[in-house]
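So the structure is just underneath, and the comments pick up after that.
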Amino acid sequence: MSTQKKKIAIIGAGPVGCAFAVHLVKAGHDVTIVGRGQRLATLQTNGGVLTKKSEKATEISKTPVVAVASLDTAQPWDLILLTITERTFDEKLLATLKACPKSIEILFMFNTFASLDKYFDALGKERCIMGFPAIMAFLFDGVLVHQFVNFAQITIVSSVEWRSIFSSAGIKCVHEPDMQSWLRTHAAFVVGFMSSTIAAAKRKSGVTWEEAKLNAAVVKEGMALVQKLGNHIIPRYVYFLAVAAPTFVLAGIFWLVTKVPRIRDNPQALLHWQSEVLGLVESIIAAAPSEDDVRLIRQLQAKYT
């Protein structure tokens, strides 16, 4: 199945969407990127995705990819891959997806703490696939530098078939049937990590111990909410790190990693992560049964509003 040529639409012309496009095109699949604004114009001018191995590399290669401004709902897509953020998933996009034939599968690749039922109910559970991309991807003057993670946390997806297809395209991928638990666990963890990284990027030095402690406590509060909502903490190592271990252990990790220049100087931290953290925080608060469940998360929200 994984060797068959697939017709894939990728909604999102940012670094992640372009990285998927590059790998899938090279594997022989028919890929169209749906984008907007300057990024769409750049892809169309270049006739595809420009890539290089590192920020300082001078050799640039091109992967030809069709880039368009809107999704053609009449096309027989095998997959519509969403590499946008949850905050940009609006009613217009939902209406577009509803207009597509129900035989087309839709893969959501974004952070969310919300109940996945809202997507299942709107589009049909049988066609919705959930996943998450483990990737470091950046754009430098319109040129993509990326690397899919091949160890520890790697790309996951709820479909066995698409796990095989992505793996065959050089995107190491595993199957995860309980994506609701995984996504909630991940969202609860990354709000603390990303918030620490944003603070460090603004200061151009590591976070303070007080900031690290608050972000670690926010993570623990989020994990408690995950369990209260009836989900599991997965992967299991996150349970030991963010639930079983004392708060100072996680705080120490945040304090240390933000002193690493590669982490602190991540160009995405100031460009995009603040809005993503705010979106995740809003998603967590909306899912909470009571205000007592998100007292510390509210404090974090206040830093970004």
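If you're wondering about the labels, chains in the structure tokens are A, B, ... by order shown, residues count from 1 in each chain, ligands from 1 in order shown.
Taking only region 33-124 of chain A, the residues that DSSP calls alpha helix (DSSP H) from the backbone come to Gly37, Gln38, Arg39, Leu40, Ala41, Thr42, Leu43, Gln44, Thr45, Asn46, Glu91, Lys92, Leu93, Leu94, Ala95, Thr96, Leu97, Lys98, Ala99, Asp117, Lys118, Tyr119, Phe120, Asp121, Ala122 and Leu123 of chain A.
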Self-check item: Spatial neighbours of region 50-57 of chain A, 9 Å, only C-alpha atoms, chain gap at least 2 places, as a list in words
Solution: Ala19, Val22, Leu43, Asn46, Gly47, Gly48, Glu59, Ile60, Ser61, Lys62, Thr63, Pro64, Phe138, Leu139, Phe140, Gly142, Val143, Leu144, Val145, His146 and Gln147 of chain A
Quiz item: In terms of the shortest atom-to-atom distance over only C-alpha atoms, which of A:Lys125, A:Lys92, A:Arg236, A:Lys98 is closest to Gln153 (chain A)?
Solution: A:Arg236
Practice problem: Select, from A:Ser283, A:Gln301, A:Thr208, A:Thr96, the residue with the minimum atom-to-atom distance to Leu256 (chain A), counting only C-alpha atoms. | Solution: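 For Leu256 (chain A), the nearest of the given residues is A:Thr208.
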Quiz item: CA of Ile10 (chain A) to CA of Leu71 (chain A): how many Å, to one decimal?
Solution: 9.1 Å
Exercise. Give me the residues within 12 Å of Met109 (chain A) as a VMD selection string, counting only C-alpha atoms and dropping any in the same chain fewer than 2 places off.
Key: chain A and resid 10 to 12 16 to 17 20 80 to 86 89 106 to 107 111 to 112 128 to 135 155 to 158 179 183
Practice problem: Give the strand (DSSP E) residues of region 68-287 of chain A, as DSSP finds them on the backbone, and put them as JSON, numbers by chain. | Solution: {"A": [68, 79, 80, 81, 82, 105, 106, 107, 108, 128, 129, 130, 131, 132, 135, 136, 137, 138, 139, 140, 143, 144, 145, 146, 147, 148, 155, 156, 157, 173, 174, 175]}
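Neighbouring residues of Val190 (chain A) at 9 Å or closer, counting only C-alpha atoms and skipping chain neighbours under 3 positions away, are A:Thr185, A:His186, A:Ala187, A:Phe193, A:Met194, A:Ser195, A:Val219, A:Val277, A:Leu280.
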